[in-house]
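See below for structure28.txt, which holds compact mmCIF, C-alpha atoms.
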# COMPACT_ATOMS: atom_id res chain seq x y z
CA MET A 467 39.43 -5.37 -14.15
CA LYS A 468 38.29 -4.46 -10.67
CA ILE A 469 34.82 -2.91 -10.49
CA GLU A 470 34.19 -0.78 -7.45
CA LEU A 471 30.72 0.38 -6.51
CA SER A 472 30.09 3.98 -5.48
CA ASN A 473 30.17 5.06 -1.85
CA THR A 474 26.48 5.90 -2.20
CA ILE A 475 25.65 2.24 -2.85
CA LYS A 476 28.15 0.95 -0.30
CA ASN A 477 26.67 3.16 2.41
CA ILE A 478 23.07 2.00 1.92
CA PRO A 479 22.20 -0.19 4.92
CA GLU A 480 21.33 -3.79 4.15
CA ASN A 481 17.59 -4.37 4.04
CA VAL A 482 16.82 -5.53 7.58
CA PHE A 483 14.29 -8.05 6.28
CA TYR A 484 16.92 -10.04 4.32
CA PRO A 485 18.30 -12.10 7.24
CA ILE A 486 14.75 -12.62 8.51
CA PHE A 487 13.54 -13.85 5.12
CA LYS A 488 16.63 -16.08 4.89
CA LEU A 489 15.69 -17.81 8.14
CA ILE A 490 12.08 -18.18 7.00
CA SER A 491 13.22 -19.61 3.65
CA GLU A 492 15.46 -22.15 5.39
CA GLU A 493 12.59 -23.29 7.59
CA SER A 494 10.11 -23.47 4.71
CA SER A 495 12.45 -25.74 2.75
CA SER A 496 12.11 -28.43 5.41
CA GLY A 497 8.69 -29.37 4.05
CA ASN A 498 6.94 -28.77 7.38
CA PRO A 499 4.32 -26.08 6.57
CA LEU A 500 4.51 -22.60 8.05
CA LEU A 501 1.65 -20.34 9.13
CA ASN A 502 2.50 -16.92 7.66
CA ALA A 503 1.53 -14.31 10.24
CA GLY A 504 4.35 -12.04 9.13
CA ILE A 505 2.97 -10.87 5.79
CA GLY A 506 2.64 -7.11 5.26
CA VAL A 507 -0.14 -7.04 2.67
CA PRO A 508 -3.84 -7.94 2.95
CA ASP A 509 -4.82 -11.52 2.14
CA SER A 510 -7.78 -10.64 -0.13
CA ASP A 511 -7.74 -11.69 -3.77
CA THR A 512 -7.73 -8.96 -6.40
CA PRO A 513 -11.37 -8.06 -7.18
CA GLU A 514 -12.68 -9.57 -10.41
CA LEU A 515 -13.81 -6.10 -11.54
CA LEU A 516 -10.19 -4.91 -11.54
CA LEU A 517 -8.86 -8.02 -13.24
CA LYS A 518 -11.36 -7.53 -16.07
CA GLU A 519 -10.46 -3.86 -16.41
CA LEU A 520 -6.75 -4.69 -16.52
CA GLU A 521 -7.34 -7.29 -19.24
CA ILE A 522 -9.25 -4.75 -21.34
CA ALA A 523 -6.67 -2.03 -20.75
CA ILE A 524 -3.78 -4.30 -21.77
CA ARG A 525 -5.42 -4.68 -25.19
CA ASN A 526 -5.69 -0.92 -25.68
CA PRO A 527 -2.97 0.00 -28.25
CA GLU A 528 -2.49 3.38 -26.58
CA ASN A 529 -1.18 1.63 -23.46
CA MET A 530 1.58 -0.08 -25.43
CA ARG A 531 3.17 3.27 -26.31
CA TYR A 532 5.11 5.76 -24.23
CA GLY A 533 2.76 7.71 -22.00
CA ALA A 534 2.88 11.11 -20.34
CA PHE A 535 5.63 11.35 -17.72
CA ASP A 536 3.26 12.69 -15.07
CA GLY A 537 0.52 10.13 -15.74
CA LYS A 538 -2.84 10.10 -17.48
CA ALA A 539 -5.12 13.07 -16.92
CA THR A 540 -8.01 10.65 -16.36
CA LEU A 541 -6.27 9.11 -13.35
CA LEU A 542 -4.98 12.38 -11.90
CA ASN A 543 -8.47 13.91 -12.18
CA GLU A 544 -10.04 10.83 -10.58
CA ILE A 545 -7.59 10.99 -7.66
CA SER A 546 -8.46 14.66 -7.17
CA HIS A 547 -12.17 13.81 -7.19
CA TRP A 548 -11.65 10.88 -4.78
CA LEU A 549 -9.70 13.06 -2.32
CA LYS A 550 -12.48 15.67 -2.33
CA GLU A 551 -15.27 13.12 -1.99
CA ASN A 552 -13.69 11.07 0.78
CA TYR A 553 -11.54 13.55 2.69
CA ASN A 554 -12.73 17.00 1.58
CA ILE A 555 -9.20 17.68 0.30
CA ASP A 556 -8.90 20.14 -2.59
CA ALA A 557 -5.96 19.07 -4.75
CA ASP A 558 -4.98 20.44 -8.16
CA PRO A 559 -4.44 17.31 -10.30
CA LYS A 560 -1.68 18.99 -12.31
CA GLU A 561 0.33 20.68 -9.56
CA GLU A 562 -0.46 19.00 -6.24
CA ILE A 563 -0.59 15.27 -7.12
CA ALA A 564 2.25 13.01 -8.27
CA LEU A 565 1.98 9.34 -9.21
CA VAL A 566 4.65 7.00 -7.81
CA PHE A 567 5.75 3.44 -8.54
CA GLY A 568 4.37 2.26 -5.21
CA THR A 569 4.59 4.27 -2.01
CA LYS A 570 7.90 2.60 -1.05
CA SER A 571 9.49 4.10 -4.16
CA GLY A 572 7.94 7.50 -3.55
CA LEU A 573 8.84 7.65 0.12
CA SER A 574 12.41 6.62 -0.68
CA SER A 575 12.65 9.38 -3.31
CA ILE A 576 11.65 12.33 -1.12
CA PRO A 577 14.96 12.58 0.81
CA SER A 578 16.85 12.89 -2.50
CA VAL A 579 14.36 15.53 -3.66
CA LEU A 580 14.67 17.66 -0.52
CA LEU A 581 17.92 16.97 1.30
CA ASN A 582 21.61 17.69 0.84
CA PRO A 583 24.42 15.48 2.15
CA ASN A 584 24.55 15.38 5.97
CA ASP A 585 21.11 16.97 6.41
CA THR A 586 19.15 15.47 9.28
CA VAL A 587 15.85 13.56 9.24
CA LEU A 588 13.75 12.88 12.34
CA LEU A 589 12.59 9.28 12.25
CA PRO A 590 9.93 8.21 14.76
CA VAL A 591 10.44 4.55 15.74
CA PRO A 592 9.36 1.78 15.72
CA SER A 593 8.60 2.36 12.04
CA TYR A 594 8.81 0.93 8.53
CA PRO A 595 12.56 0.23 8.09
CA ASP A 596 12.80 1.01 4.37
CA TYR A 597 12.63 4.74 5.14
CA ILE A 598 16.28 4.46 6.20
CA GLN A 599 17.51 3.38 2.77
CA GLY A 600 15.98 6.43 1.10
CA ILE A 601 17.71 8.65 3.64
CA ALA A 602 21.02 6.91 2.96
CA LEU A 603 20.62 7.37 -0.81
CA ALA A 604 20.40 11.12 -0.20
CA GLN A 605 23.59 10.88 1.89
CA ALA A 606 21.63 12.35 4.76
CA LYS A 607 21.52 11.14 8.35
CA TYR A 608 18.67 10.42 10.73
CA GLU A 609 17.89 10.61 14.42
CA GLU A 610 15.44 8.18 15.95
CA ILE A 611 12.57 9.57 18.01
CA GLU A 612 11.10 6.81 20.17
CA LEU A 613 7.31 6.55 20.13
CA LYS A 614 5.75 5.67 23.48
CA GLN A 615 2.58 3.79 24.33
CA GLU A 616 1.59 6.29 27.01
CA ASN A 617 1.23 8.84 24.20
CA ASN A 618 -0.67 6.35 21.98
CA TYR A 619 2.47 6.09 19.84
CA LEU A 620 2.02 9.64 18.54
CA VAL A 621 5.08 11.85 18.26
CA ASP A 622 5.56 13.98 21.41
CA TYR A 623 7.09 17.09 19.89
CA SER A 624 7.88 18.59 23.31
CA ASP A 625 10.10 15.58 24.04
CA ILE A 626 12.37 15.92 20.99
CA PRO A 627 15.80 17.35 21.98
CA GLU A 628 16.21 21.01 21.01
CA LYS A 629 19.38 20.36 19.01
CA SER A 630 17.68 17.60 17.01
CA VAL A 631 14.84 19.95 16.11
CA LYS A 632 17.26 22.70 15.15
CA ASP A 633 19.24 20.38 12.84
CA ALA A 634 16.26 18.64 11.22
CA LYS A 635 14.98 19.34 7.70
CA LEU A 636 12.40 16.54 7.40
CA ILE A 637 10.27 14.28 9.61
CA PHE A 638 8.60 10.99 8.63
CA LEU A 639 5.13 10.17 9.97
CA ASN A 640 3.16 6.97 9.40
CA TYR A 641 -0.47 6.68 10.54
CA PRO A 642 -2.13 4.19 10.68
CA SER A 643 1.28 2.93 11.64
CA ASN A 644 3.36 -0.05 10.63
CA PRO A 645 4.17 -2.02 12.78
CA ILE A 646 2.06 -0.76 15.68
CA GLY A 647 -1.41 0.08 14.39
CA ALA A 648 -1.63 3.50 16.05
CA VAL A 649 -3.73 6.20 14.36
CA ALA A 650 -3.45 9.97 14.24
CA THR A 651 -6.05 12.51 15.30
CA LYS A 652 -7.09 15.86 13.88
CA GLU A 653 -5.60 17.56 16.94
CA PHE A 654 -2.27 15.78 16.47
CA TYR A 655 -2.06 16.95 12.86
CA GLU A 656 -2.88 20.52 13.90
CA GLU A 657 -0.05 20.36 16.44
CA THR A 658 2.26 18.88 13.79
CA ILE A 659 1.61 21.76 11.37
CA SER A 660 2.19 24.39 14.04
CA TRP A 661 5.45 22.72 15.08
CA ALA A 662 6.64 22.26 11.48
CA ARG A 663 5.98 25.93 10.66
CA GLU A 664 7.83 27.11 13.74
CA HIS A 665 10.91 25.02 13.00
CA ASN A 666 10.83 24.97 9.18
CA ILE A 667 10.70 21.17 9.01
CA VAL A 668 9.01 19.35 6.11
CA VAL A 669 6.43 16.70 7.08
CA LEU A 670 6.19 13.45 5.12
CA GLN A 671 3.10 11.42 6.10
CA ASP A 672 2.82 7.81 4.93
CA HIS A 673 -0.91 6.94 4.73
CA ALA A 674 -0.51 3.54 3.06
CA TYR A 675 -3.16 1.89 5.28
CA SER A 676 -5.78 4.61 4.78
CA ASP A 677 -8.73 2.19 4.48
CA PHE A 678 -7.62 0.04 7.41
CA TYR A 679 -9.18 2.14 10.16
CA TYR A 680 -11.36 0.66 12.88
CA LYS A 681 -13.00 3.72 14.39
CA ASP A 682 -16.00 5.54 12.90
CA GLY A 683 -15.50 7.21 9.51
CA TYR A 684 -12.25 7.46 7.59
CA SER A 685 -8.70 7.49 8.85
CA PRO A 686 -7.79 11.17 9.38
CA ALA A 687 -5.66 12.49 6.53
CA PHE A 688 -2.85 14.94 7.12
CA MET A 689 -3.89 16.94 4.05
CA GLN A 690 -7.35 17.51 5.53
CA THR A 691 -5.77 19.81 8.09
CA THR A 692 -5.56 23.54 7.41
CA GLY A 693 -1.97 24.47 6.53
CA ALA A 694 -0.82 20.93 5.67
CA LYS A 695 0.05 21.82 2.07
CA GLU A 696 2.33 24.55 3.34
CA VAL A 697 4.53 22.13 5.26
CA GLY A 698 4.50 18.76 3.54
CA VAL A 699 3.07 15.92 1.48
CA GLU A 700 1.07 12.75 2.14
CA PHE A 701 1.40 9.39 0.36
CA PHE A 702 -1.50 7.05 -0.37
CA SER A 703 -1.23 3.45 -1.59
CA PHE A 704 -3.56 1.63 -3.97
CA SER A 705 -1.79 -1.68 -3.37
CA LYS A 706 -3.28 -2.57 -0.02
CA ASN A 707 -6.77 -1.04 -0.34
CA PHE A 708 -7.53 -2.80 -3.63
CA SER A 709 -5.30 -5.90 -3.27
CA ILE A 710 -3.15 -4.96 -6.27
CA SER A 711 0.27 -4.81 -4.61
CA GLY A 712 1.95 -6.39 -7.66
CA LEU A 713 0.97 -3.43 -9.82
CA ARG A 714 3.13 -1.03 -7.77
CA ILE A 715 1.26 2.27 -7.87
CA GLY A 716 0.40 5.03 -5.40
CA PHE A 717 0.46 8.81 -5.24
CA ALA A 718 1.61 11.80 -3.24
CA VAL A 719 -0.48 14.91 -2.60
CA GLY A 720 0.48 18.23 -1.07
CA ASN A 721 2.97 21.07 -1.36
CA LYS A 722 3.42 22.20 -4.97
CA GLU A 723 7.19 22.61 -4.77
CA ILE A 724 7.72 19.17 -3.27
CA ILE A 725 5.37 17.61 -5.84
CA ARG A 726 7.22 19.39 -8.64
CA GLY A 727 10.55 18.06 -7.34
CA LEU A 728 9.15 14.54 -7.02
CA LYS A 729 7.86 14.66 -10.61
CA GLU A 730 11.28 15.78 -11.87
CA TYR A 731 12.92 12.94 -9.95
CA ASN A 732 10.43 10.48 -11.45
CA THR A 733 11.14 11.61 -15.01
CA ILE A 734 14.80 10.74 -14.53
CA PHE A 735 14.45 7.35 -12.87
CA HIS A 736 11.02 5.98 -13.75
CA ALA A 737 9.58 7.59 -16.91
CA ASN A 738 5.88 6.66 -16.74
CA ILE A 739 3.66 4.05 -15.10
CA TYR A 740 2.18 1.48 -17.51
CA GLY A 741 -1.07 2.89 -18.87
CA ALA A 742 -3.10 -0.28 -18.27
CA ILE A 743 -2.28 -0.06 -14.56
CA GLN A 744 -3.44 3.55 -14.48
CA ASP A 745 -6.72 2.63 -16.19
CA THR A 746 -7.27 -0.15 -13.66
CA VAL A 747 -6.80 2.27 -10.77
CA VAL A 748 -9.35 4.69 -12.28
CA THR A 749 -11.90 1.87 -12.12
CA ALA A 750 -10.83 1.05 -8.56
CA LEU A 751 -11.33 4.64 -7.38
CA LYS A 752 -14.71 4.91 -9.08
CA ASN A 753 -15.76 1.78 -7.15
CA HIS A 754 -13.87 2.53 -3.95
CA ASN A 755 -16.71 1.93 -1.48
CA LEU A 756 -17.80 -1.26 -3.22
CA LEU A 757 -14.28 -2.70 -3.21
CA THR A 758 -13.20 -1.65 0.30
CA GLY A 759 -16.47 -1.64 2.26
CA HIS A 760 -15.70 -5.05 3.80
CA ILE A 761 -12.36 -4.06 5.32
CA LYS A 762 -13.49 -2.51 8.60
CA GLU A 763 -15.83 -5.36 9.57
CA THR A 764 -13.46 -8.12 8.44
CA TYR A 765 -10.41 -6.82 10.27
CA THR A 766 -12.31 -5.76 13.40
CA LYS A 767 -13.57 -9.34 13.77
CA ARG A 768 -10.04 -10.66 13.34
CA ILE A 769 -8.66 -8.24 15.92
CA ASP A 770 -11.34 -9.11 18.45
CA LYS A 771 -10.89 -12.87 18.01
CA ILE A 772 -7.09 -12.82 18.26
CA THR A 773 -6.88 -10.32 21.12
CA ALA A 774 -9.49 -12.22 23.15
CA LYS A 775 -7.17 -15.24 23.04
CA LEU A 776 -4.11 -13.10 23.76
CA ASP A 777 -5.87 -11.75 26.86
CA GLU A 778 -6.66 -15.28 27.97
CA LEU A 779 -3.03 -16.34 27.51
CA GLY A 780 -1.67 -13.35 29.42
CA TYR A 781 -0.01 -11.42 26.61
CA SER A 782 0.51 -7.66 26.57
CA TYR A 783 -0.11 -5.92 23.25
CA PHE A 784 -1.30 -2.73 21.60
CA LYS A 785 -4.78 -3.24 20.20
CA PRO A 786 -4.63 -1.74 16.71
CA GLU A 787 -6.93 1.13 15.76
CA GLY A 788 -5.73 0.93 12.16
CA GLY A 789 -3.36 -0.99 9.91
CA ILE A 790 -3.07 -4.76 9.62
CA PHE A 791 -0.84 -5.73 12.54
CA ILE A 792 -0.86 -6.44 16.27
CA TRP A 793 2.18 -5.18 18.20
CA LEU A 794 2.76 -8.02 20.65
CA GLU A 795 5.10 -8.02 23.64
CA VAL A 796 7.21 -11.18 23.86
CA LYS A 797 7.14 -13.59 26.79
CA ASN A 798 9.51 -13.12 29.75
CA GLY A 799 13.00 -14.40 29.11
CA TYR A 800 12.94 -13.63 25.40
CA ASN A 801 13.78 -10.70 23.13
CA SER A 802 12.22 -10.05 19.75
CA GLN A 803 14.72 -12.18 17.80
CA SER A 804 14.72 -15.18 20.14
CA PHE A 805 10.92 -15.19 20.41
CA PHE A 806 10.59 -14.87 16.63
CA GLU A 807 12.91 -17.86 16.18
CA LEU A 808 11.04 -19.90 18.81
CA LEU A 809 7.72 -19.30 17.04
CA LEU A 810 9.27 -20.03 13.65
CA LYS A 811 11.30 -23.14 14.37
CA LYS A 812 9.23 -24.93 17.01
CA TYR A 813 5.67 -23.73 16.38
CA ARG A 814 5.94 -23.01 12.64
CA ILE A 815 4.54 -19.47 12.96
CA VAL A 816 6.08 -16.70 10.84
CA THR A 817 6.07 -13.25 12.49
CA MET A 818 8.40 -10.25 12.29
CA PRO A 819 10.81 -9.49 15.16
CA GLY A 820 10.29 -5.99 16.49
CA HIS A 821 13.95 -4.99 16.51
CA VAL A 822 13.94 -4.61 12.70
CA PHE A 823 11.58 -1.63 13.15
CA GLY A 824 14.05 0.35 15.22
CA HIS A 825 14.53 1.34 18.85
CA GLY A 826 11.57 0.41 21.03
CA GLY A 827 10.90 -2.85 19.19
CA GLU A 828 13.42 -5.06 21.00
CA ASN A 829 10.80 -6.79 23.15
CA TYR A 830 8.00 -7.06 20.59
CA ILE A 831 6.97 -9.00 17.52
CA ARG A 832 4.67 -7.86 14.71
CA LEU A 833 1.74 -10.22 14.15
CA SER A 834 -0.14 -9.86 10.87
CA LEU A 835 -3.93 -9.79 10.63
CA SER A 836 -3.82 -11.03 7.04
CA LEU A 837 -5.13 -14.43 8.04
CA SER A 838 -8.27 -16.32 7.09
CA ASP A 839 -10.67 -17.58 9.77
CA GLU A 840 -9.16 -21.05 9.42
CA GLN A 841 -5.63 -19.69 9.76
CA ILE A 842 -6.61 -17.70 12.86
CA ASP A 843 -7.92 -20.90 14.43
CA ILE A 844 -4.58 -22.59 13.69
CA LEU A 845 -2.70 -19.59 15.14
CA ILE A 846 -4.76 -19.78 18.32
CA GLU A 847 -4.09 -23.52 18.68
CA LYS A 848 -0.36 -22.94 18.27
CA LEU A 849 -0.33 -20.08 20.80
CA GLU A 850 -2.18 -22.27 23.30
CA LEU A 851 0.42 -25.02 22.79
CA LEU A 852 3.23 -22.50 23.26
CA ASN A 853 1.65 -21.24 26.48
CA ASN A 854 1.30 -24.78 27.86
CA ASP A 855 4.91 -25.55 27.00
CA LEU A 856 6.17 -22.37 28.69
CA ASN A 857 4.07 -22.98 31.78
CA ASN A 858 5.36 -26.55 32.08
CA SER A 859 8.99 -25.75 31.47
Same coordinates, now as structure tokens:
Amino acid sequence: MKIELSNTIKNIPENVFYPIFKLISEESSSGNPLLNAGIGVPDSDTPELLLKELEIAIRNPENMRYGAFDGKATLLNEISHWLKENYNIDADPKEEIALVFGTKSGLSSIPSVLLNPNDTVLLPVPSYPDYIQGIALAQAKYEEIELKQENNYLVDYSDIPEKSVKDAKLIFLNYPSNPIGAVATKEFYEETISWAREHNIVVLQDHAYSDFYYKDGYSPAFMQTTGAKEVGVEFFSFSKNFSISGLRIGFAVGNKEIIRGLKEYNTIFHANIYGAIQDTVVTALKNHNLLTGHIKETYTKRIDKITAKLDELGYSYFKPEGGIFIWLEVKNGYNSQSFFELLLKKYRIVTMPGHVFGHGGENYIRLSLSLSDEQIDILIEKLELLNNDLNNS
């Protein structure tokens, strides 16, 4: 019997990271150790406070039964309180907040919630490539909007072709951005809302790196801006802030109709998030400042140390204002793939080639900041060796 998969599955693009991970796996099997500067999650261990809470919650009989589809009221209420306390966002825990099985899952669900086949999405690039698979699942299409350094990698709405704007139903935003490390401003979000209202385009803001912000205060949230709930939703991740990426949990906040649609989608495909995970996140939010207070100082020191060496070695790069990456221009004579392979095979450094993040990434690599002090010293030694080799070739 011949089994044929649906056109929906056939038309989903291959995950662009697969061939990259395959190359990395092949190199790692040689036994010669690799320095992993390609990782996309923070390197901190899970706080002991959260491990203890998870252990207690696992033993709670209530958490071994089916739970409420929309999540525990204790967690939804705590999220609402956290949003108000940290961002001055008023969010109804019942109607304006939806739990998701990690932000990747939630972001990939929104196109199916909002779009019909052949609808158009505006996709600023370079950006997180997994957005594309969610668009494909909805049988929609996308148009890339190239982000430019002269505009601090913010979307220039005046530069988007008129026909693209007319056709579009949805736009993805991601600040602080992956892979670049650009951050949004209050003024940019105000402009975004005005533009979205005028053209009837839904805004989807991915705020996964909300605590990784290296200016004063908190990373600006889209939902802080007057009118944001009218035009879109914003996703927050618990994985990165609290070093619990394996627990796969985040949330969306914003427009009631979009949240209602996302909840309906979740009831079909996901049922409910394990109660012990929800209890652990309640504890994390209650202790947010304690658990995340080190992030700004730790990552600022890493950025300063690495970029000082990059300056010395003559590299061009975008100094991140948020996120956990440095967007690094490759050396002359290379593109993103060939430079990635040079670093991997000869210098044993894992990075991510910029081309996987879309147009505009062809001459860049993404360098992770999730490195210990000792690992940064090793990275610097290897970059110095590379520079000497290139200068002597």
> Using all atoms listed in the file, what residues lie at most 9 Å away from (5.8, 20.9, -8.6) (file coordinates), given as a ChimeraX atom specification?
Replying inline: /A:560-564,721-730
>> With only C-alpha atoms as the counted atoms, please give the residues lying no more than 12 Å from Leu756 in chain A, apart from itself and same-chain residues fewer than 6 positions off, as JSON, numbers by chain.
In response: {"A": [513, 515, 516, 707, 708, 749, 750]}
> So which residues touch Thr586 in chain A within 8 Å, counting all atoms listed in the file, skipping near sequence neighbours fewer than 3 positions away, as a list of chain:residue names?
Replying inline: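 Once the nearby chain positions are removed, what remains is A:Ala606, A:Lys607, A:Tyr608, A:Glu609, A:Asp633, A:Ala634, A:Lys635, A:Leu636.
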Neighbour list for Glu480 in chain A as a compact mmCIF listing (two decimals) with C-alpha atoms, in the coordinates of the input, cut-off 12 Å, only C-alpha atoms, skip fewer than 2 positions in-chain:
# COMPACT_ATOMS: atom_id res chain seq x y z
CA ILE A 475 25.65 2.24 -2.85
CA LYS A 476 28.15 0.95 -0.30
CA ASN A 477 26.67 3.16 2.41
CA ILE A 478 23.07 2.00 1.92
CA VAL A 482 16.82 -5.53 7.58
CA PHE A 483 14.29 -8.05 6.28
CA TYR A 484 16.92 -10.04 4.32
CA PRO A 485 18.30 -12.10 7.24
CA ILE A 486 14.75 -12.62 8.51
CA PRO A 595 12.56 0.23 8.09
CA ASP A 596 12.80 1.01 4.37
CA ILE A 598 16.28 4.46 6.20
CA GLN A 599 17.51 3.38 2.77
CA GLY A 600 15.98 6.43 1.10
CA ALA A 602 21.02 6.91 2.96
CA VAL A 822 13.94 -4.61 12.70
> Do you have the CA of Tyr813 in chain A-CA of Arg768 in chain A distance handy?
Replying inline: 20.7 Å
>> Given all atoms listed in the file as the basis, pick out the residue of A:Glu610, A:Glu492, A:Asp585, A:Asp536 nearest to Phe823 in chain A.
In response: A:Glu610
>> To one decimal place in Å, what is the distance between CA of Lys848 in chain A and CA of Leu809 in chain A?
In response: 8.9 Å
>> For a quick check of understanding, using all atoms listed in the file, which of A:Ile815, A:Leu588, A:Ile769, A:Ile790 has the smallest distance to Tyr675 in chain A?
In response: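 The shortest atom-to-atom distance to Tyr675 in chain A comes from A:Ile790.
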> Which residues come within 8 Å of Ile831 in chain A, counting all atoms listed in the file, excluding same-chain residues fewer than 4 positions away, as a list in words?
Replying inline: Trp793, Leu794, Glu795, Val796, Ser802, Phe805, Phe806, Thr817, Met818, Pro819, Gly820 and Gly827 of chain A
> Closest to Asn526 in chain A among A:Asp855, A:Gly741, A:Leu501, A:Tyr781, using all atoms listed in the file?
Replying inline: A:Gly741
> Which is closest to Asp672 in chain A among A:Leu613, A:Val649, A:Ala737, A:Ile844, if we use only C-alpha atoms?
Replying inline: A:Val649
>> Just to confirm, what's the straight-line distance from CA of Asn801 in chain A to CA of Tyr594 in chain A in Å (one decimal)?
In response: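 Going from CA of Asn801 in chain A over to CA of Tyr594 in chain A covers 19.3 Å.
By chain and then residue number, the residues within 8 Å of Asn543 in chain A are Ala539, His547 and Pro559 of chain A, counting all atoms listed in the file and disregarding those fewer than 4 positions away in sequence.
With all atoms listed in the file as the basis for measurement, A:Leu620 is the residue among A:Leu845, A:Leu620, A:Leu517, A:Ile626 that approaches Pro642 in chain A most closely.
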Using all atoms listed in the file, find each residue of range 576-677 of chain A with at least one atom at most 6 Å away from an atom of range 684-702 of chain A; report its shortest atom-to-atom pair and that distance in Å (one decimal), sort the rows by chain and rising residue number, and return the result as a Markdown table.
| residue | atom | partner | partner_atom | distance |
| --- | --- | --- | --- | --- |
| A:Val668 | CA | A:Gly698 | CA | 5.2 |
| A:Val669 | CA | A:Gly698 | CA | 4.5 |
| A:Leu670 | CA | A:Val699 | CA | 5.4 |
| A:Gln671 | CA | A:Glu700 | CA | 4.6 |
| A:Asp672 | CA | A:Phe701 | CA | 5.0 |
| A:His673 | CA | A:Phe702 | CA | 5.1 |
| A:Ala674 | CA | A:Phe702 | CA | 5.0 |
| A:Ser676 | CA | A:Ser685 | CA | 5.8 |
Could you list as a PDB file with C-alpha atoms, keeping the file's coordinate frame every residue that has an atom within 9 Å of (2.2, 0.4, 12.7), using the file's coordinates and counting only C-alpha atoms?
ATOM      1  CA  PRO A 592       9.360   1.780  15.720  1.00  0.00           C
ATOM      2  CA  SER A 593       8.600   2.360  12.040  1.00  0.00           C
ATOM      3  CA  TYR A 594       8.810   0.930   8.530  1.00  0.00           C
ATOM      4  CA  ASN A 640       3.160   6.970   9.400  1.00  0.00           C
ATOM      5  CA  TYR A 641      -0.470   6.680  10.540  1.00  0.00           C
ATOM      6  CA  PRO A 642      -2.130   4.190  10.680  1.00  0.00           C
ATOM      7  CA  SER A 643       1.280   2.930  11.640  1.00  0.00           C
ATOM      8  CA  ASN A 644       3.360  -0.050  10.630  1.00  0.00           C
ATOM      9  CA  PRO A 645       4.170  -2.020  12.780  1.00  0.00           C
ATOM     10  CA  ILE A 646       2.060  -0.760  15.680  1.00  0.00           C
ATOM     11  CA  GLY A 647      -1.410   0.080  14.390  1.00  0.00           C
ATOM     12  CA  ALA A 648      -1.630   3.500  16.050  1.00  0.00           C
ATOM     13  CA  VAL A 649      -3.730   6.200  14.360  1.00  0.00           C
ATOM     14  CA  PRO A 786      -4.630  -1.740  16.710  1.00  0.00           C
ATOM     15  CA  GLY A 788      -5.730   0.930  12.160  1.00  0.00           C
ATOM     16  CA  GLY A 789      -3.360  -0.990   9.910  1.00  0.00           C
ATOM     17  CA  ILE A 790      -3.070  -4.760   9.620  1.00  0.00           C
ATOM     18  CA  PHE A 791      -0.840  -5.730  12.540  1.00  0.00           C
ATOM     19  CA  ILE A 792      -0.860  -6.440  16.270  1.00  0.00           C
ATOM     20  CA  TRP A 793       2.180  -5.180  18.200  1.00  0.00           C
ATOM     21  CA  ARG A 832       4.670  -7.860  14.710  1.00  0.00           C
TER      22      ARG A 832
END
> A:Leu856, A:Ser496, A:Ser571, A:Gly780: which is nearest Gly799 in chain A, counting only C-alpha atoms?
Replying inline: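 Among the listed residues, the smallest separation from Gly799 in chain A belongs to A:Leu856.
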Give the padded box for range 587-601 of chain A as lines of an AutoDock Vina configuration file: axis-aligned, covering all atoms listed in the file, 6 Å on each side, centre and edge lengths in Å to one decimal.
center_x = 13.2
center_y = 6.9
center_z = 8.4
size_x = 21.1
size_y = 25.3
size_z = 26.6
Selecting N, CA and C atoms, how would range 814-823 of chain A from this structure be written as an mmCIF file, in the first residue's frame?
data_model
loop_
_atom_site.group_PDB
_atom_site.id
_atom_site.type_symbol
_atom_site.label_atom_id
_atom_site.label_comp_id
_atom_site.auth_asym_id
_atom_site.auth_seq_id
_atom_site.Cartn_x
_atom_site.Cartn_y
_atom_site.Cartn_z
ATOM 1 N N ARG A 814 37.216 24.888 14.622
ATOM 2 C CA ARG A 814 36.376 24.166 15.589
ATOM 3 C C ARG A 814 35.432 25.102 16.339
ATOM 4 N N ILE A 815 34.947 26.132 15.644
ATOM 5 C CA ILE A 815 33.980 27.077 16.218
ATOM 6 C C ILE A 815 32.631 26.873 15.533
ATOM 7 N N VAL A 816 31.600 26.604 16.308
ATOM 8 C CA VAL A 816 30.240 26.490 15.775
ATOM 9 C C VAL A 816 29.597 27.867 15.788
ATOM 10 N N THR A 817 29.083 28.305 14.644
ATOM 11 C CA THR A 817 28.294 29.537 14.537
ATOM 12 C C THR A 817 27.036 29.197 13.734
ATOM 13 N N MET A 818 26.294 30.182 13.297
ATOM 14 C CA MET A 818 25.185 29.964 12.372
ATOM 15 C C MET A 818 25.378 30.861 11.152
ATOM 16 N N PRO A 819 25.353 30.279 9.943
ATOM 17 C CA PRO A 819 25.509 31.101 8.740
ATOM 18 C C PRO A 819 24.299 32.008 8.532
ATOM 19 N N GLY A 820 24.549 33.239 8.174
ATOM 20 C CA GLY A 820 23.477 34.223 8.102
ATOM 21 C C GLY A 820 22.427 33.963 7.040
ATOM 22 N N HIS A 821 22.781 33.218 5.996
ATOM 23 C CA HIS A 821 21.813 33.006 4.914
ATOM 24 C C HIS A 821 20.579 32.257 5.375
ATOM 25 N N VAL A 822 20.681 31.456 6.468
ATOM 26 C CA VAL A 822 19.505 30.708 6.924
ATOM 27 C C VAL A 822 18.436 31.639 7.494
ATOM 28 N N PHE A 823 18.801 32.895 7.770
ATOM 29 C CA PHE A 823 17.852 33.850 8.347
ATOM 30 C C PHE A 823 17.187 34.732 7.295
#
